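protein_37.cif (mmCIF, C-alpha atoms)
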data_input
#
loop_
_atom_site.label_atom_id
_atom_site.label_comp_id
_atom_site.auth_asym_id
_atom_site.auth_seq_id
_atom_site.Cartn_x
_atom_site.Cartn_y
_atom_site.Cartn_z
CA LYS A 503 14.64 10.37 53.88
CA ARG A 504 13.72 10.71 57.53
CA GLY A 505 10.01 11.47 57.78
CA SER A 506 7.41 9.52 55.83
CA SER A 507 3.71 8.85 56.19
CA SER A 508 2.04 5.51 55.69
CA SER A 509 -1.38 4.02 56.34
CA SER A 510 -1.84 0.99 58.52
CA SER A 511 -4.37 -0.62 60.79
CA SER A 512 -3.73 -1.89 64.30
CA SER A 513 -3.09 -5.59 64.69
CA TYR A 514 -5.56 -7.56 66.77
CA LEU A 515 -5.72 -11.27 67.45
CA GLU A 516 -8.79 -13.45 67.53
CA LYS A 517 -9.87 -15.76 70.32
CA SER A 518 -12.49 -18.41 69.59
CA GLU A 519 -12.84 -21.46 71.77
CA GLU A 520 -15.40 -23.27 69.63
CA ASP A 521 -15.12 -21.90 66.10
CA SER A 522 -11.99 -23.70 64.99
CA PHE A 523 -11.32 -25.88 62.01
CA ARG A 524 -8.73 -28.23 60.61
CA TYR A 525 -7.76 -27.98 57.00
CA GLU A 526 -5.81 -30.20 54.65
CA ASP A 527 -3.91 -29.22 51.57
CA GLU A 528 -4.17 -30.90 48.19
CA ASN A 529 -1.79 -33.61 49.39
CA ASN A 530 -4.06 -34.35 52.37
CA VAL A 531 -1.50 -33.07 54.83
CA ASN A 532 -3.18 -31.87 58.02
CA HIS A 533 -1.85 -28.55 59.27
CA GLY A 534 -3.59 -28.40 62.65
CA SER A 535 -6.23 -26.21 64.23
CA VAL A 536 -6.54 -22.52 63.49
CA ALA A 537 -9.04 -20.22 65.20
CA MET A 538 -11.77 -18.97 62.90
CA PRO A 539 -13.25 -15.48 63.33
CA ALA A 540 -16.40 -15.75 65.44
CA ASN A 541 -19.35 -13.60 64.43
CA SER A 542 -21.21 -11.93 67.28
CA ILE A 543 -24.97 -11.87 66.81
CA ASP A 544 -25.53 -8.89 69.12
CA GLY A 545 -22.67 -6.92 67.59
CA THR A 546 -20.39 -7.28 70.60
CA SER A 547 -16.76 -7.90 69.64
CA VAL A 548 -15.28 -11.23 70.72
CA VAL A 549 -11.73 -10.15 69.92
CA GLU A 550 -9.08 -9.86 72.62
CA PHE A 551 -5.36 -9.18 72.78
CA ARG A 552 -3.17 -12.19 73.40
CA ASN A 553 0.48 -12.49 74.37
CA ASN A 554 0.50 -16.14 75.45
CA TRP A 555 0.71 -17.85 72.07
CA THR A 556 2.12 -21.37 72.09
CA LEU A 557 4.67 -22.61 69.58
CA GLN A 558 2.02 -24.90 68.06
CA GLU A 559 -0.42 -22.01 67.59
CA VAL A 560 2.25 -19.88 65.92
CA THR A 561 3.17 -22.83 63.67
CA ASP A 562 -0.47 -23.27 62.70
CA LEU A 563 -0.72 -19.61 61.76
CA PHE A 564 2.50 -19.82 59.77
CA ARG A 565 1.12 -22.76 57.78
CA THR A 566 -2.24 -21.14 57.10
CA PRO A 567 -2.75 -20.30 53.39
CA LEU A 568 -2.23 -16.61 52.62
CA LEU A 569 -5.75 -15.86 51.42
CA GLU A 570 -7.20 -17.55 54.51
CA LEU A 571 -5.07 -15.27 56.68
CA VAL A 572 -6.28 -12.26 54.69
CA PHE A 573 -9.90 -13.34 55.24
CA LYS A 574 -9.35 -13.87 58.97
CA ALA A 575 -7.56 -10.54 59.37
CA ALA A 576 -10.33 -8.69 57.53
CA SER A 577 -12.98 -10.37 59.68
CA VAL A 578 -11.23 -9.39 62.92
CA HIS A 579 -10.64 -5.87 61.60
CA ARG A 580 -14.36 -5.40 60.92
CA GLN A 581 -15.18 -6.37 64.50
CA CYS A 582 -12.85 -3.70 65.88
CA HIS A 583 -12.94 -0.87 63.35
CA ASP A 584 -14.98 0.86 60.69
CA PRO A 585 -13.97 -1.19 57.60
CA ASN A 586 -13.78 2.00 55.52
CA GLN A 587 -11.50 3.81 57.94
CA VAL A 588 -7.69 3.55 57.89
CA GLN A 589 -5.39 4.85 60.59
CA LYS A 590 -2.80 7.31 59.38
CA CYS A 591 0.65 6.69 60.82
CA THR A 592 3.88 8.65 60.42
CA LEU A 593 7.28 6.97 60.70
CA LEU A 594 10.41 8.90 61.65
CA SER A 595 13.94 7.54 61.48
CA VAL A 596 15.31 8.89 64.75
CA LYS A 597 18.71 7.31 64.14
CA THR A 598 19.68 6.65 60.52
CA GLY A 599 22.38 4.36 59.06
CA GLY A 600 25.36 2.60 60.58
CA CYS A 601 23.59 -0.58 61.69
CA PRO A 602 26.08 -3.49 62.00
CA GLU A 603 23.52 -6.10 60.85
CA ASP A 604 23.51 -7.28 57.22
CA CYS A 605 19.77 -7.58 56.50
CA LYS A 606 19.68 -7.83 52.72
CA TYR A 607 16.58 -5.67 52.26
CA CYS A 608 17.66 -2.78 54.49
CA SER A 609 19.54 0.30 53.28
CA GLN A 610 20.30 1.22 56.91
CA SER A 611 22.95 -1.50 57.16
CA SER A 612 26.54 -0.30 57.28
CA LYS A 613 27.35 -3.24 54.95
CA TRP A 614 25.62 -1.49 52.05
CA SER A 615 26.43 2.16 52.85
CA LYS A 616 28.78 2.55 49.89
CA SER A 617 26.21 1.34 47.39
CA THR A 618 23.19 3.05 48.97
CA GLY A 619 24.88 6.29 49.98
CA THR A 620 23.21 6.15 53.40
CA LYS A 621 25.22 8.14 55.93
CA ALA A 622 25.13 7.29 59.62
CA THR A 623 23.62 10.00 61.80
CA PRO A 624 23.44 10.32 65.59
CA LEU A 625 20.26 9.80 67.59
CA MET A 626 17.97 12.81 67.26
CA GLN A 627 17.20 15.06 70.19
CA VAL A 628 13.85 14.69 71.96
CA GLU A 629 12.43 18.10 71.07
CA GLU A 630 13.34 17.64 67.40
CA VAL A 631 11.42 14.36 67.34
CA LEU A 632 8.41 15.88 69.12
CA GLU A 633 8.29 18.74 66.63
CA ASN A 634 8.04 16.15 63.86
CA ALA A 635 5.28 14.42 65.82
CA ARG A 636 3.34 17.69 66.15
CA GLN A 637 3.56 18.22 62.39
CA ALA A 638 2.39 14.65 61.82
CA LYS A 639 -0.61 15.19 64.11
CA GLU A 640 -1.52 18.40 62.29
CA ALA A 641 -1.38 16.42 59.03
CA GLY A 642 -3.89 13.89 60.40
CA SER A 643 -1.74 11.11 61.85
CA THR A 644 -2.91 9.48 65.07
CA ARG A 645 0.12 7.20 65.48
CA PHE A 646 3.79 8.12 65.44
CA CYS A 647 6.48 5.47 64.95
CA LEU A 648 10.14 5.76 66.01
CA GLY A 649 12.71 3.82 63.98
CA ALA A 650 16.37 3.47 64.94
CA ALA A 651 19.13 1.87 62.86
CA TRP A 652 21.03 -0.25 65.33
CA ARG A 653 21.16 -3.95 66.23
CA GLY A 654 19.26 -3.42 69.43
CA THR A 655 18.97 -1.31 72.54
CA SER A 656 21.90 -3.13 74.15
CA GLN A 657 24.12 -1.62 71.44
CA VAL A 658 23.58 1.90 72.79
CA GLY A 659 24.26 3.35 76.18
CA PRO A 660 21.63 3.96 78.87
CA ARG A 661 21.57 7.69 78.17
CA GLN A 662 20.52 7.18 74.57
CA PHE A 663 17.87 4.64 75.50
CA GLN A 664 16.59 7.04 78.16
CA ARG A 665 16.27 9.63 75.40
CA VAL A 666 14.12 7.21 73.40
CA LEU A 667 11.88 6.69 76.43
CA LYS A 668 11.46 10.46 76.68
CA MET A 669 10.44 10.51 73.01
CA VAL A 670 7.78 7.88 73.67
CA GLU A 671 6.46 9.79 76.68
CA GLY A 672 6.40 13.03 74.69
CA VAL A 673 4.45 11.51 71.80
CA ASN A 674 1.90 10.16 74.30
CA ASP A 675 1.58 13.61 75.84
CA LEU A 676 0.56 14.89 72.40
CA GLY A 677 -2.41 12.50 72.45
CA MET A 678 -0.94 10.16 69.83
CA GLU A 679 -0.24 6.45 69.89
CA CYS A 680 3.45 5.62 69.76
CA CYS A 681 5.09 2.53 68.28
CA ALA A 682 8.76 1.78 67.66
CA THR A 683 11.22 -0.40 65.81
CA LEU A 684 14.51 -0.49 67.70
CA GLY A 685 15.94 -3.91 66.91
CA LEU A 686 16.50 -6.59 69.53
CA LEU A 687 15.10 -5.92 72.99
CA SER A 688 15.78 -7.32 76.42
CA GLY A 689 12.79 -8.07 78.61
CA GLU A 690 13.77 -5.22 80.89
CA ASP A 691 13.90 -2.69 78.06
CA ALA A 692 10.57 -3.94 76.70
CA HIS A 693 8.95 -3.25 80.08
CA LYS A 694 10.53 0.22 80.19
CA LEU A 695 9.07 1.03 76.77
CA LYS A 696 5.65 -0.21 77.86
CA ASP A 697 5.80 1.88 81.04
CA ALA A 698 6.73 4.91 78.93
CA GLY A 699 3.54 4.43 76.91
CA LEU A 700 4.58 2.42 73.85
CA THR A 701 1.50 0.78 72.27
CA ALA A 702 3.15 -1.50 69.69
CA TYR A 703 6.58 -2.81 68.73
CA ASN A 704 7.68 -3.75 65.21
CA HIS A 705 10.47 -6.22 64.53
CA ASN A 706 11.51 -7.90 61.28
CA LEU A 707 12.86 -11.43 61.31
CA ASP A 708 15.07 -11.67 58.23
CA THR A 709 15.54 -15.44 57.88
CA SER A 710 15.07 -16.26 54.18
CA LYS A 711 17.27 -19.16 53.08
CA GLU A 712 17.55 -17.44 49.70
CA HIS A 713 19.79 -14.82 51.29
CA TYR A 714 21.52 -16.67 54.13
CA GLU A 715 23.44 -19.91 53.83
CA THR A 716 23.54 -20.56 57.60
#

Translate this file's structure into structure tokens.
Amino acid sequence: KRGSSSSSSSSYLEKSEEDSFRYEDENNVNHGSVAMPANSIDGTSVVEFRNNWTLQEVTDLFRTPLLELVFKAASVHRQCHDPNQVQKCTLLSVKTGGCPEDCKYCSQSSKWSKSTGTKATPLMQVEEVLENARQAKEAGSTRFCLGAAWRGTSQVGPRQFQRVLKMVEGVNDLGMECCATLGLLSGEDAHKLKDAGLTAYNHNLDTSKEHYET
């Protein structure tokens, strides 16, 4: 099924130079420092975007207990948004099926096409995608997400990737945010997507040892 609507909130990351803590689990194992949400007395948000995370910071976040992460995320969300408001987002599969990867959860993989019945389709045309975006906007969505079933942008030719960039530009021209999930990206392609107006990129890392022996 190509078009589907879902509700999500934008992801923001918290910066706090002083409000940090160290926690230990029941075995007294120290997991390092994690930034705590900082409350602003005058109501001014102290949240900022970050793209310079260190390996240690990412490790600390990974080891943070789930409910603590939920609390931190909710605290940051309340500083940036009305807590009772949810952004409506519509996802469109602009290229369905035929992916050579074998992610166990994904019906788009060519490995499972016989059991899932998913048929590979070519990349949609720009105007067809934009018509779907217009319908999504009329239905109340403020973000439109493009999903493509391939290993990454290097798997397709420059003409197809250029078509995706035109999709991103077109969605922006409609006054909507645009995000995408297109598999593995090179740095160059990431910059091209940003220049076209992409506001967020989604990528799943399927690494569970339960499914992969190596």

Need the neighbours of (18.8, 8.5, 66.4): which residues are at most 12 Å away, counting only C-alpha atoms, as an MDAnalysis selection string?
chainID A and resid 504 594:601 622:628 630:631 648:652 655 658 662:663 665:666 669 683:684

Which residues, protein or nucleic acid, reach to within 12 Å of (8.8, 12.3, 80.8) in the file's coordinates when using all atoms listed in the file, and can you give that as number ranges by chain?
A: 628-629, 664-675, 695, 697-699

Picked residues, the PyMOL selection byres ((chain A and resi 643) around 12), expected as a JSON list (two decimals) with C-alpha atoms, keeping the file's coordinate frame:
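New file expr_5.json:
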[["chain", "number", "residue", "atom", "x", "y", "z"],
["A", 506, "SER", "CA", 7.41, 9.52, 55.83],
["A", 507, "SER", "CA", 3.71, 8.85, 56.19],
["A", 508, "SER", "CA", 2.04, 5.51, 55.69],
["A", 509, "SER", "CA", -1.38, 4.02, 56.34],
["A", 510, "SER", "CA", -1.84, 0.99, 58.52],
["A", 588, "VAL", "CA", -7.69, 3.55, 57.89],
["A", 589, "GLN", "CA", -5.39, 4.85, 60.59],
["A", 590, "LYS", "CA", -2.80, 7.31, 59.38],
["A", 591, "CYS", "CA", 0.65, 6.69, 60.82],
["A", 592, "THR", "CA", 3.88, 8.65, 60.42],
["A", 593, "LEU", "CA", 7.28, 6.97, 60.70],
["A", 634, "ASN", "CA", 8.04, 16.15, 63.86],
["A", 635, "ALA", "CA", 5.28, 14.42, 65.82],
["A", 636, "ARG", "CA", 3.34, 17.69, 66.15],
["A", 637, "GLN", "CA", 3.56, 18.22, 62.39],
["A", 638, "ALA", "CA", 2.39, 14.65, 61.82],
["A", 639, "LYS", "CA", -0.61, 15.19, 64.11],
["A", 640, "GLU", "CA", -1.52, 18.40, 62.29],
["A", 641, "ALA", "CA", -1.38, 16.42, 59.03],
["A", 642, "GLY", "CA", -3.89, 13.89, 60.40],
["A", 644, "THR", "CA", -2.91, 9.48, 65.07],
["A", 645, "ARG", "CA", 0.12, 7.20, 65.48],
["A", 646, "PHE", "CA", 3.79, 8.12, 65.44],
["A", 647, "CYS", "CA", 6.48, 5.47, 64.95],
["A", 673, "VAL", "CA", 4.45, 11.51, 71.80],
["A", 676, "LEU", "CA", 0.56, 14.89, 72.40],
["A", 677, "GLY", "CA", -2.41, 12.50, 72.45],
["A", 678, "MET", "CA", -0.94, 10.16, 69.83],
["A", 679, "GLU", "CA", -0.24, 6.45, 69.89],
["A", 680, "CYS", "CA", 3.45, 5.62, 69.76]]

Care to translate the PyMOL selection byres ((chain A and resi 705) around 12) into actual residues of this file, as a ChimeraX atom specification?
/A:649-651,653-654,681-687,702-704,706-708

Choose the residue, out of A:Ser577, A:Gln587, A:Gln657, A:Thr701, that has the smallest atom-to-atom separation from Pro602 of chain A; count only C-alpha atoms.
A:Gln657

Point-to-point distance in Å for atom CA of Ser656 of chain A and atom CA of Thr561 of chain A
29.1 Å

So the first atom is atom CA of Ala575 of chain A and the second is atom CA of Glu550 of chain A; what is the distance between them in Å, to one decimal place?
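About the pair atom CA of Ala575 of chain A and atom CA of Glu550 of chain A: they are 13.4 Å apart.
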
Straight-line distance linking atom CA of Val578 of chain A with atom CA of His693 of chain A, stated in Å to one decimal:
27.2 Å

Excluding Gly619 of chain A and residues on its chain fewer than 3 positions from it, collect all residues at most 10 Å away from it, counting only C-alpha atoms, and give them as an NGL selection string.
:A and (599 or 609-610 or 612 or 614-616 or 622)
